[in-house]
Amino acid sequence: MDLTIALILLQDGIMNGAIYALLGLALVLVFLVTRVIFIPQGEFVTYGALSLAFLANGKVPGTAWLLVLMGVLVCVVEAGSCWRARRFRGYARTLGWALVLPLVLLALAPWAAGPDVPLFLRVLFSLALVVPMGPMIYRLVYQPVEQASVLVLLIISVAVHFAMTGLGLVFFGAEGWRTPPLVEGSVQMGPVAWSGQTFAVLATCIVLIGGLWLFFSRTLYGSALRATAVNRRGARLVGISTRMAGSLTFTLAAAIGALSGMLIAAITTIYYDTGFLIGLKGFVAAIFGGLVSYPITAAGALFVGVLEAFASFWASPFKEAIVFTLIIPVLLWRSFGSVHLDEED
Amino acid sequence: MRVRPLLIIVLVLLAALPWLVPAFWITQMNYIGLYSLVVLGLVLLTGIGGLTSFGQSAFVGLGAYTTAWLTTAGGMSPWLGLVAALTLTFLVAYGLGAITLRLSGHYLPLCTLAWCLALYYVYGNLDFLGRYDGISGIPPLSVGGWSLGSTDAMYGLIWVLLLLSMWATHNLLDSRPGRAIRALRSGTMAESFGVSLAHCKIVIFVYAALLGGLSGWLYAHMQRAISPSPFGLSYGIEYLFMAVVGGSGSVWGAVVGAAVILIVKDQLQDLMPSLVGSGMNVELLAFGVLMILVLQFARDGIWPLLARLGRAGEGLDPVRLAMLRAPAADLPSRARPQAGEPVLEVDQVRKEFGGLVAVNDISFTLRAGEIMGLIGPNGAGKSTTFDLISGVQALTAGAVHFMGQRIDGLGARRIAGLGLTRSFQHVQLMPDMSVLENVALGAHLRCNAGAWAAALRLDRAQEASMLREAARQLKRVGLDDVMDRPAGSLPLGRQRIVEIARALCSDPILLLLDEPAAGLRYQEKQALAEVLDQLRQEGMSLLLVEHDMDFVMGLTDHLLVMDFGTRLAEGPPARIQSDPAVLEAYLGGLDDTWGGPGEAPKEPV
């Protein structure tokens, strides 16, 4: 291996690592606020990537239909709980975001898939299709069991992963897709050409992380989420709805997942089940940070990305095995560093 | 095991099955048996121990690949393959467990998930394991020249092994280590009766892994060819789902879960293409949705529902009853101190949390046959003092001597072993376990039967002694009429007495009771006071933290009053009642109209 190859691998690694960092941060966020270990994060990656790929290839993505389907389910479930509580205030809002919005998006989809629509509009449209699924999944699956233990929530997450992978197959088919890069061209720096996409990925990550930081430190809703993460009961006592917090967190996680998918799909071919492995690498990073620390998660993600890049050069078939075995020494390290704390709340 | 007619019918049906149903169903039964073995491990691990693993399929794979490689490339006997498979599974599970089980609960599932994925890629890329094509030409099993290659023979072997494993698991749960495993979720409570949580966790993790390895060994010699795919993560998840669906708290739930999932999946594979058009592999979707619905609406699984139908009213378990009546050796008991001899000497103990001094240089001596009360307003540091004595928290400075031996720094388990037993401020019983078993947990340190002995029923003599001791202590506190009821079904007052019986079962020299009368009604308090008084007469020493002044004043020989972590007063109850400093702390200062310091107030304090 010479310097050029090392630099190319490093570039790959940093780019992937930045994406894993985003996913890892979202996982930490979801875990802290809702205690859910969010395995289906990877499916949002897939849905985001494939929605964009379909639009870019002039097709209406299956997510447009899926969103309507999920929205109808949400309306039904919500109507049921409103009926039981004999309280219908706020139902109009549910109808608005879960029924009208998906129908409008479905009606607009042929236009978004048409020719001459700029790429960034397609990105926005794909986000609009995928992001509402976050709170919908929360409402349908997690809200009814919000009091369950971390382990039950984890098993449910795995079930959601199964279901969403199955839906991905139904709505996108088994073919693999790529998206056009967000930024064309490349810059020569040293012996290597750094592609525009690398900069796009890094810039997006920095902007997103900065945005999240502003959201959490400067806004009321951000503070509410932080309060919920620190102490759920305390947050409820001061009037923060944990359901609102859960819903908002899932919205953020879905947005981060979908955007990461659109970033990575320009580098890797995405199939209906690719997201899972990408999401799990975010997990390895999150475990570096003990599922609580944002900065260590980000650093861990970069490490995972770079390790993966070099592993694929030296021992390509064992790339995945190496990345996932990494979790064991990391846990060993954590088990020496941390005081033993048993179980949840 | 209680021999029930239903069980006999099931066993006879299982034995006659090859003559009753077509060969296809025998093959299905073989798969159900193989899955059940793995799920049985998960019942113990997840349903009872509260630990979750997504990676059981990796242990199945470990067993299968070990024997496959040894019997093909190495040309060894499959029985040596079995030994090697189980040994390797044991080593790997032990290592993984030692690393992961020390961390909090959600790391184990994540770790097993990752390691299951990693191992899948390893199997799929190693040349000597045949990469993704796997290994074929694995020899069938044979015993003394007698081939077990046929489906029917394998059916017999698989189900005999499964039933034996179920028997062993059932035995394990109904024993000393089993009670410790069932108390795992309670954390500190079990630890304070001498249960090593870390050890229990490793035991069930390894046990579950070994069942997986066994299933893998059987699978390899049944299929005669293996490839990585049945050992991937999706199977690991499926095993867990089988445990959840079946009802992860019971041994038969494993078989029910495995059978239901296998059959439903088969039907889905037949049905789905005709519903949504062929070429779509959507059973994944149906599977995921079903799983979510089960967890939302029937979190306990199917088996408890079936068991409720089958059982008409709970009675005393006849086997256990016979065990209680049969003569059994007494458990060893310790030498008791003479009345008046110092039992507990607390010398200048101190606990600081950052800048806050929770316990400020407290000293006192407690003598044999004495009841001492520790009282004071909320936040005075009473419970913290308890924690320091019993080793639940480490002290900042000072020393604690028990029976002349220095015990600070020994840790809760060691201290419990010396004869110092404590109760907790909030009732900590295992609500689903019977009163008798809850109490028997107290005698944990007086016996030594291990998991192997329990699984093979070599522990019965000791078990009988333990249960008899538990029954004796229940009788001592007047609860022998509710021995077989689930502890959670008793009213709070009686639950507190159960806790005292459990503490007595550990043959203590000194009992620390943290607010034993809290939440009790008047009669219950009187009954409790009688029990404690009787214990004192039998030579036991007691230290109480209590808020109820009537209760404390009537019962104790000696009182220590604490406020803001410091000692306020000490002496016999009558003197404390009139101590001005105590009155000041409790009532916030006195009017002159209450008379001088030497005179007790007319109103009860």
# chains A, B, ... in the order shown; residues from 1 in each chain; ligands from 1

call {"tool": "interface_residues", "arguments": {"of": "chain A", "to": "chain B", "cutoff": "8 Å", "atoms": "only C-alpha atoms", "output": "number ranges by chain"}}
result
A: 141, 144-145, 150-152, 156, 158-167, 169-170, 317-318, 320-325, 327-328, 331-332, 335, 340-344

call {"tool": "write_last_selection", "arguments": {"atoms": "N, CA and C atoms", "output": "compact mmCIF listing (two decimals), in the first residue's frame"}}
result
# COMPACT_ATOMS: atom_id res chain seq x y z
N VAL A 141 -46.72 1.92 16.61
CA VAL A 141 -46.04 0.79 17.23
C VAL A 141 -45.60 1.08 18.67
N PRO A 144 -48.33 2.73 21.97
CA PRO A 144 -49.15 1.82 22.79
C PRO A 144 -48.35 1.05 23.84
N VAL A 145 -47.05 0.93 23.67
CA VAL A 145 -46.25 0.16 24.63
C VAL A 145 -45.20 1.03 25.30
N VAL A 150 -37.01 -1.74 28.43
CA VAL A 150 -36.07 -1.53 27.33
C VAL A 150 -35.98 -2.78 26.46
N LEU A 151 -36.02 -3.95 27.10
CA LEU A 151 -35.85 -5.18 26.33
C LEU A 151 -37.05 -5.45 25.44
N VAL A 152 -38.26 -5.25 25.96
CA VAL A 152 -39.45 -5.45 25.11
C VAL A 152 -39.43 -4.45 23.96
N ILE A 156 -39.43 -5.28 19.98
CA ILE A 156 -40.39 -4.66 19.07
C ILE A 156 -39.66 -3.95 17.94
N VAL A 158 -36.91 -4.77 16.60
CA VAL A 158 -36.47 -5.78 15.63
C VAL A 158 -37.65 -6.18 14.75
N ALA A 159 -38.83 -6.31 15.35
CA ALA A 159 -40.02 -6.66 14.57
C ALA A 159 -40.33 -5.56 13.56
N VAL A 160 -40.20 -4.30 13.99
CA VAL A 160 -40.44 -3.18 13.07
C VAL A 160 -39.44 -3.24 11.91
N HIS A 161 -38.21 -3.59 12.26
CA HIS A 161 -37.20 -3.72 11.20
C HIS A 161 -37.62 -4.76 10.17
N PHE A 162 -38.09 -5.91 10.67
CA PHE A 162 -38.58 -6.96 9.76
C PHE A 162 -39.70 -6.43 8.87
N ALA A 163 -40.69 -5.81 9.51
CA ALA A 163 -41.87 -5.35 8.76
C ALA A 163 -41.47 -4.30 7.73
N MET A 164 -40.58 -3.37 8.13
CA MET A 164 -40.22 -2.31 7.19
C MET A 164 -39.36 -2.84 6.05
N THR A 165 -38.53 -3.86 6.34
CA THR A 165 -37.76 -4.46 5.25
C THR A 165 -38.71 -5.13 4.27
N GLY A 166 -39.71 -5.84 4.82
CA GLY A 166 -40.71 -6.48 3.96
C GLY A 166 -41.44 -5.45 3.12
N LEU A 167 -41.84 -4.34 3.73
CA LEU A 167 -42.52 -3.27 3.00
C LEU A 167 -41.61 -2.70 1.92
N LEU A 169 -39.39 -4.25 0.25
CA LEU A 169 -39.37 -5.19 -0.87
C LEU A 169 -40.64 -5.03 -1.70
N VAL A 170 -41.78 -4.87 -1.02
CA VAL A 170 -43.05 -4.75 -1.74
C VAL A 170 -43.08 -3.45 -2.55
N PRO A 317 -13.32 -9.88 2.12
CA PRO A 317 -14.48 -10.70 2.50
C PRO A 317 -14.82 -10.58 3.98
N PHE A 318 -13.83 -10.22 4.79
CA PHE A 318 -14.07 -10.19 6.23
C PHE A 318 -14.41 -8.80 6.75
N GLU A 320 -17.14 -6.99 6.94
CA GLU A 320 -18.26 -6.87 7.88
C GLU A 320 -17.93 -7.57 9.21
N ALA A 321 -17.30 -8.74 9.10
CA ALA A 321 -16.97 -9.48 10.32
C ALA A 321 -16.07 -8.64 11.22
N ILE A 322 -15.09 -7.95 10.61
CA ILE A 322 -14.17 -7.15 11.41
C ILE A 322 -14.91 -6.00 12.08
N VAL A 323 -15.76 -5.31 11.32
CA VAL A 323 -16.46 -4.16 11.89
C VAL A 323 -17.35 -4.59 13.05
N PHE A 324 -18.05 -5.71 12.89
CA PHE A 324 -18.98 -6.09 13.95
C PHE A 324 -18.30 -6.78 15.13
N THR A 325 -17.15 -7.40 14.87
CA THR A 325 -16.42 -7.98 16.00
C THR A 325 -15.82 -6.89 16.87
N ILE A 327 -17.12 -4.62 18.19
CA ILE A 327 -18.00 -4.32 19.32
C ILE A 327 -17.50 -5.01 20.60
N ILE A 328 -16.87 -6.16 20.45
CA ILE A 328 -16.49 -6.91 21.66
C ILE A 328 -15.35 -6.22 22.42
N LEU A 331 -16.80 -3.17 24.09
CA LEU A 331 -17.56 -3.47 25.30
C LEU A 331 -16.62 -3.79 26.44
N LEU A 332 -15.56 -4.51 26.12
CA LEU A 332 -14.58 -4.85 27.15
C LEU A 332 -14.01 -3.58 27.76
N SER A 335 -16.56 -1.95 29.86
CA SER A 335 -16.88 -2.63 31.10
C SER A 335 -15.80 -2.38 32.15
N HIS A 340 -20.76 -0.60 37.35
CA HIS A 340 -21.87 -1.46 36.95
C HIS A 340 -23.19 -0.87 37.41
N LEU A 341 -24.06 -0.60 36.44
CA LEU A 341 -25.38 -0.07 36.78
C LEU A 341 -26.40 -1.06 36.24
N ASP A 342 -27.23 -1.58 37.10
CA ASP A 342 -28.11 -2.63 36.62
C ASP A 342 -29.44 -2.08 36.14
N GLU A 343 -29.73 -2.41 34.91
CA GLU A 343 -31.06 -2.21 34.36
C GLU A 343 -31.60 -0.79 34.49
N GLU A 344 -32.62 -0.62 33.79
CA GLU A 344 -33.32 0.64 33.55
C GLU A 344 -33.82 1.39 34.78

call {"tool": "residues_around", "arguments": {"residues": "B:Ala190", "least_positions_apart": "6", "cutoff": "7 Å", "atoms": "only C-alpha atoms", "output": "ChimeraX atom specification"}}
result
/B:180,183-184

call {"tool": "write_last_selection", "arguments": {"atoms": "N, CA and C atoms", "output": "mmCIF file, in the first residue's frame"}}
result
data_model
loop_
_atom_site.group_PDB
_atom_site.id
_atom_site.type_symbol
_atom_site.label_atom_id
_atom_site.label_comp_id
_atom_site.auth_asym_id
_atom_site.auth_seq_id
_atom_site.Cartn_x
_atom_site.Cartn_y
_atom_site.Cartn_z
ATOM 1 N N ALA B 180 -32.254 -18.600 42.958
ATOM 2 C CA ALA B 180 -31.356 -17.457 42.770
ATOM 3 C C ALA B 180 -31.540 -16.874 41.371
ATOM 4 N N ALA B 183 -34.569 -14.919 41.086
ATOM 5 C CA ALA B 183 -34.503 -13.652 41.822
ATOM 6 C C ALA B 183 -33.552 -12.662 41.158
ATOM 7 N N LEU B 184 -32.976 -13.044 39.996
ATOM 8 C CA LEU B 184 -31.987 -12.188 39.328
ATOM 9 C C LEU B 184 -32.495 -10.774 39.110
#

call {"tool": "residues_around", "arguments": {"residues": "stretch 519-529 of chain B", "least_positions_apart": "6", "cutoff": "9 Å", "atoms": "only C-alpha atoms", "output": "VMD selection string"}}
result
chain B and resid 477 492 to 494 496 to 497 551 554 to 555

call {"tool": "closest_residue", "arguments": {"among": "A:Ile270, A:Ala286, A:Leu248, A:Ala298", "to": "A:Val33", "atoms": "only C-alpha atoms"}}
result
A:Leu248

call {"tool": "atom_distance", "arguments": {"atom1": "atom CA of B:Ala487", "atom2": "atom CA of A:Ser149"}}
result
22.6 Å

call {"tool": "closest_residue", "arguments": {"among": "B:Arg350, B:His547, B:His221, B:Arg502", "to": "B:Leu148", "atoms": "only C-alpha atoms"}}
result
B:His221

call {"tool": "select_by_dssp", "arguments": {"residues": "stretch 6-85 of chain B", "states": "helix (DSSP H, G or I)", "output": "JSON, numbers by chain"}}
result
{"B": [6, 7, 8, 9, 10, 11, 12, 13, 14, 15, 16, 17, 18, 19, 20, 23, 24, 25, 26, 27, 28, 29, 30, 31, 32, 33, 34, 35, 36, 37, 38, 39, 40, 41, 42, 43, 44, 45, 46, 47, 48, 56, 57, 58, 59, 60, 61, 62, 63, 64, 65, 66, 67, 68, 69, 70, 71, 72, 78, 79, 80, 81, 82, 83, 84, 85]}

call {"tool": "write_last_selection", "arguments": {"atoms": "C-alpha atoms", "output": "PDB file, in the first residue's frame"}}
result
ATOM      1  CA  LEU B   6     -51.802 -34.852  30.812  1.00  0.00           C
ATOM      2  CA  LEU B   7     -48.050 -35.216  30.719  1.00  0.00           C
ATOM      3  CA  ILE B   8     -48.315 -38.985  30.339  1.00  0.00           C
ATOM      4  CA  ILE B   9     -50.763 -38.615  27.460  1.00  0.00           C
ATOM      5  CA  VAL B  10     -48.395 -36.185  25.723  1.00  0.00           C
ATOM      6  CA  LEU B  11     -45.427 -38.540  26.174  1.00  0.00           C
ATOM      7  CA  VAL B  12     -47.364 -41.549  24.854  1.00  0.00           C
ATOM      8  CA  LEU B  13     -48.551 -39.550  21.858  1.00  0.00           C
ATOM      9  CA  LEU B  14     -44.997 -38.405  21.133  1.00  0.00           C
ATOM     10  CA  ALA B  15     -43.726 -41.990  21.298  1.00  0.00           C
ATOM     11  CA  ALA B  16     -46.448 -43.285  18.994  1.00  0.00           C
ATOM     12  CA  LEU B  17     -46.242 -40.422  16.523  1.00  0.00           C
ATOM     13  CA  PRO B  18     -44.154 -42.125  13.788  1.00  0.00           C
ATOM     14  CA  TRP B  19     -46.937 -44.718  13.387  1.00  0.00           C
ATOM     15  CA  LEU B  20     -49.707 -42.138  13.429  1.00  0.00           C
ATOM     16  CA  ALA B  23     -43.357 -38.797   7.253  1.00  0.00           C
ATOM     17  CA  PHE B  24     -43.653 -35.084   6.394  1.00  0.00           C
ATOM     18  CA  TRP B  25     -44.903 -34.375   9.877  1.00  0.00           C
ATOM     19  CA  ILE B  26     -42.084 -36.334  11.482  1.00  0.00           C
ATOM     20  CA  THR B  27     -39.643 -34.119   9.619  1.00  0.00           C
ATOM     21  CA  GLN B  28     -41.551 -31.090  10.885  1.00  0.00           C
ATOM     22  CA  MET B  29     -41.408 -32.501  14.405  1.00  0.00           C
ATOM     23  CA  ASN B  30     -37.649 -32.855  14.075  1.00  0.00           C
ATOM     24  CA  TYR B  31     -37.341 -29.180  13.260  1.00  0.00           C
ATOM     25  CA  ILE B  32     -39.697 -28.268  16.078  1.00  0.00           C
ATOM     26  CA  GLY B  33     -37.538 -30.314  18.443  1.00  0.00           C
ATOM     27  CA  LEU B  34     -34.318 -28.663  17.264  1.00  0.00           C
ATOM     28  CA  TYR B  35     -35.813 -25.177  17.576  1.00  0.00           C
ATOM     29  CA  SER B  36     -37.317 -26.008  20.967  1.00  0.00           C
ATOM     30  CA  LEU B  37     -33.898 -26.896  22.345  1.00  0.00           C
ATOM     31  CA  VAL B  38     -32.589 -23.449  21.483  1.00  0.00           C
ATOM     32  CA  VAL B  39     -35.736 -21.711  22.657  1.00  0.00           C
ATOM     33  CA  LEU B  40     -35.590 -23.613  25.933  1.00  0.00           C
ATOM     34  CA  GLY B  41     -32.282 -21.886  26.611  1.00  0.00           C
ATOM     35  CA  LEU B  42     -33.898 -18.547  25.862  1.00  0.00           C
ATOM     36  CA  VAL B  43     -36.745 -19.310  28.253  1.00  0.00           C
ATOM     37  CA  LEU B  44     -34.195 -19.550  31.017  1.00  0.00           C
ATOM     38  CA  LEU B  45     -32.094 -16.637  29.787  1.00  0.00           C
ATOM     39  CA  THR B  46     -34.769 -14.153  28.753  1.00  0.00           C
ATOM     40  CA  GLY B  47     -38.026 -15.260  30.275  1.00  0.00           C
ATOM     41  CA  ILE B  48     -36.664 -15.977  33.717  1.00  0.00           C
ATOM     42  CA  GLN B  56     -28.454 -17.980  19.884  1.00  0.00           C
ATOM     43  CA  SER B  57     -28.270 -19.028  16.229  1.00  0.00           C
ATOM     44  CA  ALA B  58     -24.546 -18.266  16.362  1.00  0.00           C
ATOM     45  CA  PHE B  59     -24.140 -20.905  19.087  1.00  0.00           C
ATOM     46  CA  VAL B  60     -26.183 -23.337  16.991  1.00  0.00           C
ATOM     47  CA  GLY B  61     -23.799 -22.612  14.146  1.00  0.00           C
ATOM     48  CA  LEU B  62     -20.792 -23.083  16.373  1.00  0.00           C
ATOM     49  CA  GLY B  63     -22.012 -26.537  17.360  1.00  0.00           C
ATOM     50  CA  ALA B  64     -22.903 -27.497  13.797  1.00  0.00           C
ATOM     51  CA  TYR B  65     -19.692 -26.274  12.184  1.00  0.00           C
ATOM     52  CA  THR B  66     -17.452 -27.812  14.831  1.00  0.00           C
ATOM     53  CA  THR B  67     -18.876 -31.283  14.415  1.00  0.00           C
ATOM     54  CA  ALA B  68     -19.199 -30.923  10.629  1.00  0.00           C
ATOM     55  CA  TRP B  69     -15.568 -29.986  10.193  1.00  0.00           C
ATOM     56  CA  LEU B  70     -14.244 -32.607  12.631  1.00  0.00           C
ATOM     57  CA  THR B  71     -16.267 -35.456  11.142  1.00  0.00           C
ATOM     58  CA  THR B  72     -15.556 -34.608   7.480  1.00  0.00           C
ATOM     59  CA  PRO B  78     -19.705 -37.683  15.600  1.00  0.00           C
ATOM     60  CA  TRP B  79     -19.680 -38.376  19.342  1.00  0.00           C
ATOM     61  CA  LEU B  80     -16.252 -36.775  19.620  1.00  0.00           C
ATOM     62  CA  GLY B  81     -17.781 -34.007  17.529  1.00  0.00           C
ATOM     63  CA  LEU B  82     -20.409 -33.584  20.219  1.00  0.00           C
ATOM     64  CA  VAL B  83     -17.798 -33.234  22.939  1.00  0.00           C
ATOM     65  CA  ALA B  84     -15.809 -30.756  20.865  1.00  0.00           C
ATOM     66  CA  ALA B  85     -18.937 -28.788  19.902  1.00  0.00           C
TER      67      ALA B  85
END

call {"tool": "select_by_dssp", "arguments": {"residues": "stretch 122-292 of chain A", "states": "strand (DSSP E or B)", "output": "PyMOL selection string"}}
result
chain A and resi 177+186-189+192-195+270

call {"tool": "write_last_selection", "arguments": {"atoms": "C-alpha atoms", "output": "PDB file, in the first residue's frame"}}
result
ATOM      1  CA  TRP A 177     -30.349   1.584  -7.121  1.00  0.00           C
ATOM      2  CA  SER A 186     -13.681  16.648  -7.873  1.00  0.00           C
ATOM      3  CA  VAL A 187     -10.826  18.649  -6.408  1.00  0.00           C
ATOM      4  CA  GLN A 188      -7.171  17.624  -6.667  1.00  0.00           C
ATOM      5  CA  MET A 189      -5.576  17.779  -3.243  1.00  0.00           C
ATOM      6  CA  VAL A 192      -5.637  12.239  -4.644  1.00  0.00           C
ATOM      7  CA  ALA A 193      -8.762  13.637  -6.213  1.00  0.00           C
ATOM      8  CA  TRP A 194     -11.339  14.412  -3.530  1.00  0.00           C
ATOM      9  CA  SER A 195     -14.788  14.026  -5.021  1.00  0.00           C
ATOM     10  CA  ILE A 270     -28.780   0.444  -2.166  1.00  0.00           C
TER      11      ILE A 270
END

call {"tool": "residues_around", "arguments": {"residues": "stretch 121-136 of chain A", "least_positions_apart": "3", "cutoff": "7 Å", "atoms": "only C-alpha atoms", "output": "PyMOL selection string"}}
result
chain A and resi 47-48+51-52+55+63-64+67+70+74+112+117-118+139-140+247-248+250-251+254-255+258

call {"tool": "residues_around", "arguments": {"residues": "stretch 451-464 of chain B", "least_positions_apart": "5", "cutoff": "9 Å", "atoms": "only C-alpha atoms", "output": "PDB file with N, CA and C atoms, in the first residue's frame"}}
result
ATOM      1  N   SER B 165     -33.660 -32.375  28.333  1.00  0.00           N
ATOM      2  CA  SER B 165     -33.250 -31.001  28.607  1.00  0.00           C
ATOM      3  C   SER B 165     -34.358 -30.243  29.325  1.00  0.00           C
ATOM      4  N   TRP B 167     -36.574 -31.565  31.247  1.00  0.00           N
ATOM      5  CA  TRP B 167     -36.598 -32.091  32.617  1.00  0.00           C
ATOM      6  C   TRP B 167     -35.507 -31.416  33.447  1.00  0.00           C
ATOM      7  N   ALA B 168     -34.294 -31.344  32.854  1.00  0.00           N
ATOM      8  CA  ALA B 168     -33.177 -30.741  33.582  1.00  0.00           C
ATOM      9  C   ALA B 168     -33.452 -29.272  33.872  1.00  0.00           C
ATOM     10  N   THR B 169     -34.030 -28.561  32.895  1.00  0.00           N
ATOM     11  CA  THR B 169     -34.310 -27.144  33.087  1.00  0.00           C
ATOM     12  C   THR B 169     -35.360 -26.953  34.179  1.00  0.00           C
ATOM     13  N   HIS B 170     -36.369 -27.797  34.118  1.00  0.00           N
ATOM     14  CA  HIS B 170     -37.409 -27.748  35.149  1.00  0.00           C
ATOM     15  C   HIS B 170     -36.797 -27.988  36.530  1.00  0.00           C
ATOM     16  N   ASN B 171     -35.929 -28.977  36.615  1.00  0.00           N
ATOM     17  CA  ASN B 171     -35.265 -29.281  37.886  1.00  0.00           C
ATOM     18  C   ASN B 171     -34.435 -28.101  38.369  1.00  0.00           C
ATOM     19  N   LEU B 172     -33.710 -27.529  37.415  1.00  0.00           N
ATOM     20  CA  LEU B 172     -32.828 -26.426  37.772  1.00  0.00           C
ATOM     21  C   LEU B 172     -33.643 -25.283  38.377  1.00  0.00           C
ATOM     22  N   LEU B 173     -34.793 -25.005  37.768  1.00  0.00           N
ATOM     23  CA  LEU B 173     -35.586 -23.872  38.249  1.00  0.00           C
ATOM     24  C   LEU B 173     -36.165 -24.144  39.625  1.00  0.00           C
ATOM     25  N   ASP B 174     -36.379 -25.439  39.919  1.00  0.00           N
ATOM     26  CA  ASP B 174     -37.002 -25.818  41.184  1.00  0.00           C
ATOM     27  C   ASP B 174     -35.918 -26.239  42.165  1.00  0.00           C
ATOM     28  N   SER B 175     -34.985 -25.326  42.452  1.00  0.00           N
ATOM     29  CA  SER B 175     -33.858 -25.701  43.308  1.00  0.00           C
ATOM     30  C   SER B 175     -33.205 -24.460  43.873  1.00  0.00           C
ATOM     31  N   ARG B 176     -32.161 -24.670  44.646  1.00  0.00           N
ATOM     32  CA  ARG B 176     -31.456 -23.523  45.229  1.00  0.00           C
ATOM     33  C   ARG B 176     -30.915 -22.569  44.154  1.00  0.00           C
ATOM     34  N   PRO B 177     -30.096 -23.057  43.189  1.00  0.00           N
ATOM     35  CA  PRO B 177     -29.642 -22.109  42.167  1.00  0.00           C
ATOM     36  C   PRO B 177     -30.800 -21.551  41.347  1.00  0.00           C
ATOM     37  N   GLY B 178     -31.866 -22.366  41.169  1.00  0.00           N
ATOM     38  CA  GLY B 178     -33.018 -21.894  40.408  1.00  0.00           C
ATOM     39  C   GLY B 178     -33.693 -20.707  41.072  1.00  0.00           C
ATOM     40  N   VAL B 203     -24.039 -18.479  34.428  1.00  0.00           N
ATOM     41  CA  VAL B 203     -24.548 -19.853  34.384  1.00  0.00           C
ATOM     42  C   VAL B 203     -25.662 -19.968  33.360  1.00  0.00           C
ATOM     43  N   ARG B 320     -44.143 -31.424  46.704  1.00  0.00           N
ATOM     44  CA  ARG B 320     -43.498 -30.534  47.663  1.00  0.00           C
ATOM     45  C   ARG B 320     -44.020 -30.816  49.081  1.00  0.00           C
ATOM     46  N   MET B 323     -42.346 -33.701  50.415  1.00  0.00           N
ATOM     47  CA  MET B 323     -40.981 -33.338  50.755  1.00  0.00           C
ATOM     48  C   MET B 323     -40.922 -32.676  52.136  1.00  0.00           C
ATOM     49  N   LEU B 324     -41.961 -31.873  52.426  1.00  0.00           N
ATOM     50  CA  LEU B 324     -41.986 -31.180  53.704  1.00  0.00           C
ATOM     51  C   LEU B 324     -42.245 -32.137  54.857  1.00  0.00           C
ATOM     52  N   ALA B 326     -41.529 -35.437  54.867  1.00  0.00           N
ATOM     53  CA  ALA B 326     -40.476 -36.433  55.033  1.00  0.00           C
ATOM     54  C   ALA B 326     -39.415 -35.904  55.989  1.00  0.00           C
ATOM     55  N   PRO B 327     -38.766 -36.813  56.720  1.00  0.00           N
ATOM     56  CA  PRO B 327     -37.709 -36.338  57.612  1.00  0.00           C
ATOM     57  C   PRO B 327     -36.542 -35.820  56.781  1.00  0.00           C
ATOM     58  N   ALA B 328     -35.961 -34.739  57.225  1.00  0.00           N
ATOM     59  CA  ALA B 328     -34.804 -34.202  56.520  1.00  0.00           C
ATOM     60  C   ALA B 328     -33.837 -33.656  57.550  1.00  0.00           C
ATOM     61  N   ALA B 329     -32.568 -33.717  57.195  1.00  0.00           N
ATOM     62  CA  ALA B 329     -31.547 -33.233  58.125  1.00  0.00           C
ATOM     63  C   ALA B 329     -31.719 -31.733  58.324  1.00  0.00           C
ATOM     64  N   LEU B 331     -30.490 -27.933  58.621  1.00  0.00           N
ATOM     65  CA  LEU B 331     -29.387 -27.197  58.021  1.00  0.00           C
ATOM     66  C   LEU B 331     -28.392 -26.841  59.116  1.00  0.00           C
ATOM     67  N   GLU B 469     -36.655 -26.026  56.473  1.00  0.00           N
ATOM     68  CA  GLU B 469     -36.228 -24.868  57.258  1.00  0.00           C
ATOM     69  C   GLU B 469     -37.133 -23.667  56.956  1.00  0.00           C
TER      70      GLU B 469
END

call {"tool": "closest_residue", "arguments": {"among": "A:Leu25, A:Leu3, A:Ile14, A:Val68", "to": "A:Leu307", "atoms": "only C-alpha atoms"}}
result
A:Ile14

call {"tool": "atom_distance", "arguments": {"atom1": "atom CA of B:Phe90", "atom2": "atom CA of B:Tyr207"}}
result
8.3 Å

call {"tool": "atom_distance", "arguments": {"atom1": "atom CA of B:Leu410", "atom2": "atom CA of B:Gly391"}}
result
6.8 Å
